file coords.txt (compact mmCIF, N, CA and C atoms)
# COMPACT_ATOMS: atom_id res chain seq x y z
N MET A 290 38.12 22.71 31.57
CA MET A 290 39.54 22.80 31.32
C MET A 290 40.18 23.62 32.43
N ARG A 291 41.36 23.23 32.85
CA ARG A 291 42.09 23.96 33.89
C ARG A 291 42.51 25.34 33.37
N ILE A 292 42.55 26.32 34.26
CA ILE A 292 42.91 27.69 33.87
C ILE A 292 44.32 27.77 33.32
N ASP A 293 45.28 27.04 33.91
CA ASP A 293 46.65 27.13 33.41
C ASP A 293 46.76 26.58 31.99
N LYS A 294 46.02 25.52 31.71
CA LYS A 294 46.02 24.94 30.36
C LYS A 294 45.31 25.86 29.37
N PHE A 295 44.21 26.48 29.80
CA PHE A 295 43.50 27.41 28.92
C PHE A 295 44.39 28.59 28.55
N LEU A 296 45.09 29.16 29.52
CA LEU A 296 45.95 30.31 29.25
C LEU A 296 47.05 29.96 28.26
N LYS A 297 47.59 28.74 28.37
CA LYS A 297 48.62 28.29 27.43
C LYS A 297 48.03 28.05 26.04
N ASN A 298 46.90 27.32 25.97
CA ASN A 298 46.30 27.00 24.67
C ASN A 298 45.82 28.25 23.94
N SER A 299 45.30 29.22 24.68
CA SER A 299 44.82 30.45 24.05
C SER A 299 45.95 31.43 23.77
N ARG A 300 47.13 31.10 24.26
CA ARG A 300 48.34 31.90 24.09
C ARG A 300 48.25 33.27 24.76
N LEU A 301 47.42 33.38 25.79
CA LEU A 301 47.43 34.59 26.62
C LEU A 301 48.71 34.61 27.45
N ILE A 302 49.17 33.42 27.84
CA ILE A 302 50.47 33.26 28.51
C ILE A 302 51.22 32.18 27.74
N LYS A 303 52.52 32.40 27.54
CA LYS A 303 53.30 31.57 26.63
C LYS A 303 53.46 30.11 27.07
N ARG A 304 53.76 29.89 28.36
CA ARG A 304 54.01 28.54 28.84
C ARG A 304 53.09 28.20 30.01
N ARG A 305 52.75 26.93 30.14
CA ARG A 305 51.87 26.48 31.21
C ARG A 305 52.51 26.68 32.58
N SER A 306 53.81 26.50 32.67
CA SER A 306 54.50 26.69 33.96
C SER A 306 54.43 28.15 34.40
N VAL A 307 54.49 29.08 33.45
CA VAL A 307 54.38 30.51 33.77
C VAL A 307 52.95 30.82 34.20
N ALA A 308 51.96 30.19 33.57
CA ALA A 308 50.56 30.37 33.96
C ALA A 308 50.33 29.85 35.38
N LYS A 309 50.95 28.72 35.71
CA LYS A 309 50.81 28.16 37.05
C LYS A 309 51.44 29.08 38.09
N GLU A 310 52.60 29.63 37.78
CA GLU A 310 53.25 30.58 38.70
C GLU A 310 52.39 31.82 38.91
N ALA A 311 51.78 32.32 37.85
CA ALA A 311 50.92 33.50 37.96
C ALA A 311 49.72 33.20 38.86
N CYS A 312 49.18 32.01 38.76
CA CYS A 312 48.07 31.60 39.64
C CYS A 312 48.55 31.50 41.09
N ASP A 313 49.72 30.91 41.29
CA ASP A 313 50.26 30.77 42.64
C ASP A 313 50.53 32.12 43.29
N GLN A 314 50.86 33.13 42.48
CA GLN A 314 51.13 34.47 42.99
C GLN A 314 49.86 35.33 43.05
N GLU A 315 48.71 34.70 42.82
CA GLU A 315 47.39 35.36 42.89
C GLU A 315 47.27 36.53 41.92
N ARG A 316 47.83 36.37 40.72
CA ARG A 316 47.73 37.41 39.70
C ARG A 316 46.63 37.11 38.69
N ILE A 317 45.92 35.99 38.87
CA ILE A 317 44.85 35.61 37.95
C ILE A 317 43.56 35.42 38.73
N THR A 318 42.49 36.04 38.24
CA THR A 318 41.18 35.84 38.86
C THR A 318 40.19 35.38 37.79
N ILE A 319 39.23 34.59 38.25
CA ILE A 319 38.13 34.14 37.39
C ILE A 319 36.86 34.62 38.05
N ASN A 320 36.09 35.43 37.34
CA ASN A 320 34.85 36.01 37.88
C ASN A 320 35.09 36.67 39.24
N ASP A 321 36.16 37.45 39.34
CA ASP A 321 36.54 38.21 40.54
C ASP A 321 36.91 37.35 41.73
N LYS A 322 37.28 36.09 41.52
CA LYS A 322 37.75 35.22 42.59
C LYS A 322 39.14 34.72 42.22
N THR A 323 40.06 34.75 43.18
CA THR A 323 41.43 34.30 42.93
C THR A 323 41.42 32.85 42.44
N ALA A 324 42.20 32.59 41.41
CA ALA A 324 42.20 31.26 40.78
C ALA A 324 43.48 30.51 41.09
N LYS A 325 43.32 29.25 41.45
CA LYS A 325 44.46 28.34 41.55
C LYS A 325 44.63 27.70 40.18
N ALA A 326 45.80 27.12 39.93
CA ALA A 326 46.12 26.57 38.61
C ALA A 326 45.15 25.47 38.17
N GLY A 327 44.58 24.74 39.11
CA GLY A 327 43.69 23.64 38.77
C GLY A 327 42.23 24.02 38.63
N ARG A 328 41.91 25.29 38.83
CA ARG A 328 40.51 25.73 38.76
C ARG A 328 39.98 25.59 37.34
N GLU A 329 38.76 25.10 37.24
CA GLU A 329 38.14 24.88 35.93
C GLU A 329 37.54 26.17 35.38
N VAL A 330 37.68 26.38 34.08
CA VAL A 330 37.02 27.50 33.41
C VAL A 330 35.99 26.94 32.45
N LYS A 331 34.99 27.75 32.15
CA LYS A 331 33.96 27.36 31.18
C LYS A 331 33.62 28.58 30.33
N PRO A 332 33.01 28.38 29.18
CA PRO A 332 32.65 29.51 28.34
C PRO A 332 31.77 30.50 29.11
N GLY A 333 32.08 31.79 28.94
CA GLY A 333 31.35 32.84 29.63
C GLY A 333 32.09 33.39 30.83
N ASP A 334 33.09 32.67 31.35
CA ASP A 334 33.86 33.15 32.49
C ASP A 334 34.69 34.37 32.10
N ILE A 335 34.89 35.29 33.05
CA ILE A 335 35.72 36.46 32.85
C ILE A 335 37.04 36.23 33.58
N ILE A 336 38.15 36.31 32.83
CA ILE A 336 39.48 36.11 33.39
C ILE A 336 40.20 37.45 33.44
N HIS A 337 40.79 37.76 34.59
CA HIS A 337 41.58 38.98 34.75
C HIS A 337 43.01 38.56 35.05
N ILE A 338 43.95 39.03 34.23
CA ILE A 338 45.36 38.69 34.38
C ILE A 338 46.14 39.96 34.68
N GLN A 339 46.89 39.97 35.77
CA GLN A 339 47.70 41.12 36.17
C GLN A 339 49.15 40.88 35.78
N PHE A 340 49.69 41.74 34.90
CA PHE A 340 51.09 41.67 34.47
C PHE A 340 51.80 42.92 34.96
N GLY A 341 52.45 42.88 36.09
CA GLY A 341 53.19 44.05 36.56
C GLY A 341 52.32 45.29 36.59
N ASN A 342 52.56 46.24 35.67
CA ASN A 342 51.80 47.50 35.62
C ASN A 342 50.56 47.41 34.73
N SER A 343 50.45 46.39 33.91
CA SER A 343 49.31 46.28 33.00
C SER A 343 48.45 45.08 33.37
N SER A 344 47.28 45.06 32.79
CA SER A 344 46.39 43.93 33.03
C SER A 344 45.52 43.68 31.81
N ILE A 345 44.99 42.46 31.73
CA ILE A 345 44.11 42.05 30.63
C ILE A 345 42.85 41.44 31.24
N LYS A 346 41.72 41.79 30.67
CA LYS A 346 40.47 41.18 31.07
C LYS A 346 39.89 40.54 29.81
N ALA A 347 39.59 39.24 29.89
CA ALA A 347 39.11 38.51 28.72
C ALA A 347 37.94 37.61 29.10
N ARG A 348 37.04 37.41 28.15
CA ARG A 348 35.90 36.51 28.32
C ARG A 348 36.19 35.23 27.56
N VAL A 349 36.01 34.09 28.21
CA VAL A 349 36.22 32.78 27.58
C VAL A 349 35.07 32.53 26.61
N LEU A 350 35.40 32.22 25.37
CA LEU A 350 34.37 31.93 24.36
C LEU A 350 34.28 30.44 24.07
N VAL A 351 35.43 29.80 23.85
CA VAL A 351 35.48 28.40 23.45
C VAL A 351 36.62 27.71 24.18
N LEU A 352 36.40 26.46 24.57
CA LEU A 352 37.47 25.65 25.14
C LEU A 352 37.93 24.66 24.08
N SER A 353 39.23 24.62 23.84
CA SER A 353 39.78 23.73 22.83
C SER A 353 41.05 23.09 23.37
N GLU A 354 41.13 21.76 23.30
CA GLU A 354 42.31 21.05 23.81
C GLU A 354 43.57 21.41 23.03
N SER A 355 43.42 21.66 21.75
CA SER A 355 44.56 22.08 20.94
C SER A 355 44.06 22.93 19.79
N CYS A 356 44.85 23.91 19.43
CA CYS A 356 44.47 24.75 18.29
C CYS A 356 45.72 25.36 17.68
N LYS A 357 45.58 25.81 16.45
CA LYS A 357 46.69 26.44 15.76
C LYS A 357 46.88 27.85 16.30
N LYS A 358 48.05 28.39 16.10
CA LYS A 358 48.37 29.73 16.58
C LYS A 358 47.38 30.76 16.03
N GLU A 359 46.99 30.61 14.78
CA GLU A 359 46.09 31.56 14.14
C GLU A 359 44.69 31.52 14.76
N ASP A 360 44.30 30.35 15.27
CA ASP A 360 42.96 30.18 15.82
C ASP A 360 42.87 30.46 17.32
N ALA A 361 44.01 30.69 17.96
CA ALA A 361 44.04 30.85 19.41
C ALA A 361 43.22 32.05 19.87
N THR A 362 43.20 33.12 19.10
CA THR A 362 42.46 34.31 19.52
C THR A 362 40.95 34.12 19.48
N SER A 363 40.49 33.06 18.83
CA SER A 363 39.04 32.80 18.79
C SER A 363 38.55 32.15 20.09
N MET A 364 39.48 31.78 20.98
CA MET A 364 39.11 31.15 22.24
C MET A 364 38.64 32.16 23.28
N TYR A 365 38.92 33.45 23.06
CA TYR A 365 38.59 34.48 24.03
C TYR A 365 38.32 35.80 23.32
N GLU A 366 37.71 36.75 24.04
CA GLU A 366 37.59 38.11 23.54
C GLU A 366 38.08 39.05 24.63
N ILE A 367 38.87 40.04 24.23
CA ILE A 367 39.41 41.01 25.18
C ILE A 367 38.30 42.00 25.53
N ILE A 368 38.10 42.18 26.83
CA ILE A 368 37.08 43.11 27.30
C ILE A 368 37.71 44.45 27.62
N GLN A 369 38.87 44.41 28.26
CA GLN A 369 39.50 45.65 28.72
C GLN A 369 40.98 45.59 28.52
call {"tool": "encode", "arguments": {"input": "coords.txt", "output": "structure tokens"}}
result
Amino acid sequence: MRIDKFLKNSRLIKRRSVAKEACDQERITINDKTAKAGREVKPGDIIHIQFGNSSIKARVLVLSESCKKEDATSMYEIIQ
């Protein structure tokens, strides 16, 4: 699954277009490598998202094409 789609489906970022912009601005890394919007993620990957002064580090657990809002948090676990 593409990183921009994963971020939207997991609700780490609200919209796919915002996720794509974050990738274009090099604010998202996968396993310590800068990610472009089309980069594929798989379970076990570590995603680091930089939001201005704060950041989130999460491990991908499950890839799901669609899920309910309540189930979105089961797609990842926050590390830091």
call {"tool": "closest_residue", "arguments": {"input": "coords.txt", "among": "A:Ser299, A:Ser306, A:Gln339, A:Gln314", "to": "Asp360 (chain A)", "atoms": "only C-alpha atoms"}}
result
A:Ser299
call {"tool": "select_by_dssp", "arguments": {"input": "coords.txt", "residues": "chain A", "states": "alpha helix (DSSP H)", "output": "JSON, numbers by chain"}}
result
{"A": [292, 293, 294, 295, 296, 297, 298, 305, 306, 307, 308, 309, 310, 311, 312, 313]}
call {"tool": "residues_around", "arguments": {"input": "coords.txt", "residues": "His337 (chain A)", "least_positions_apart": "5", "cutoff": "10 Å", "atoms": "only C-alpha atoms", "output": "number ranges by chain"}}
result
A: 316-324, 344-348, 368-369
call {"tool": "select_by_dssp", "arguments": {"input": "coords.txt", "residues": "chain A", "states": "strand (DSSP E)", "output": "list of chain:residue names"}}
result
A:Ile317, A:Thr318, A:Ile319, A:Lys322, A:Thr323, A:Ile335, A:Ile336, A:His337, A:Ile338, A:Gln339, A:Phe340, A:Ser343, A:Ser344, A:Ile345, A:Lys346, A:Ala347, A:Arg348, A:Val349, A:Tyr365, A:Glu366, A:Ile367
call {"tool": "closest_residue", "arguments": {"input": "coords.txt", "among": "A:Cys356, A:Leu350, A:Glu366, A:Asp334", "to": "Lys297 (chain A)", "atoms": "only C-alpha atoms"}}
result
A:Cys356
call {"tool": "atom_distance", "arguments": {"input": "coords.txt", "atom1": "atom N of Ala361 (chain A)", "atom2": "CA of Cys312 (chain A)"}}
result
22.1 Å
call {"tool": "atom_distance", "arguments": {"input": "coords.txt", "atom1": "CA of Arg291 (chain A)", "atom2": "CA of Thr362 (chain A)"}}
result
17.7 Å
call {"tool": "atom_distance", "arguments": {"input": "coords.txt", "atom1": "atom N of Ile367 (chain A)", "atom2": "atom C of Asp313 (chain A)"}}
result
23.7 Å
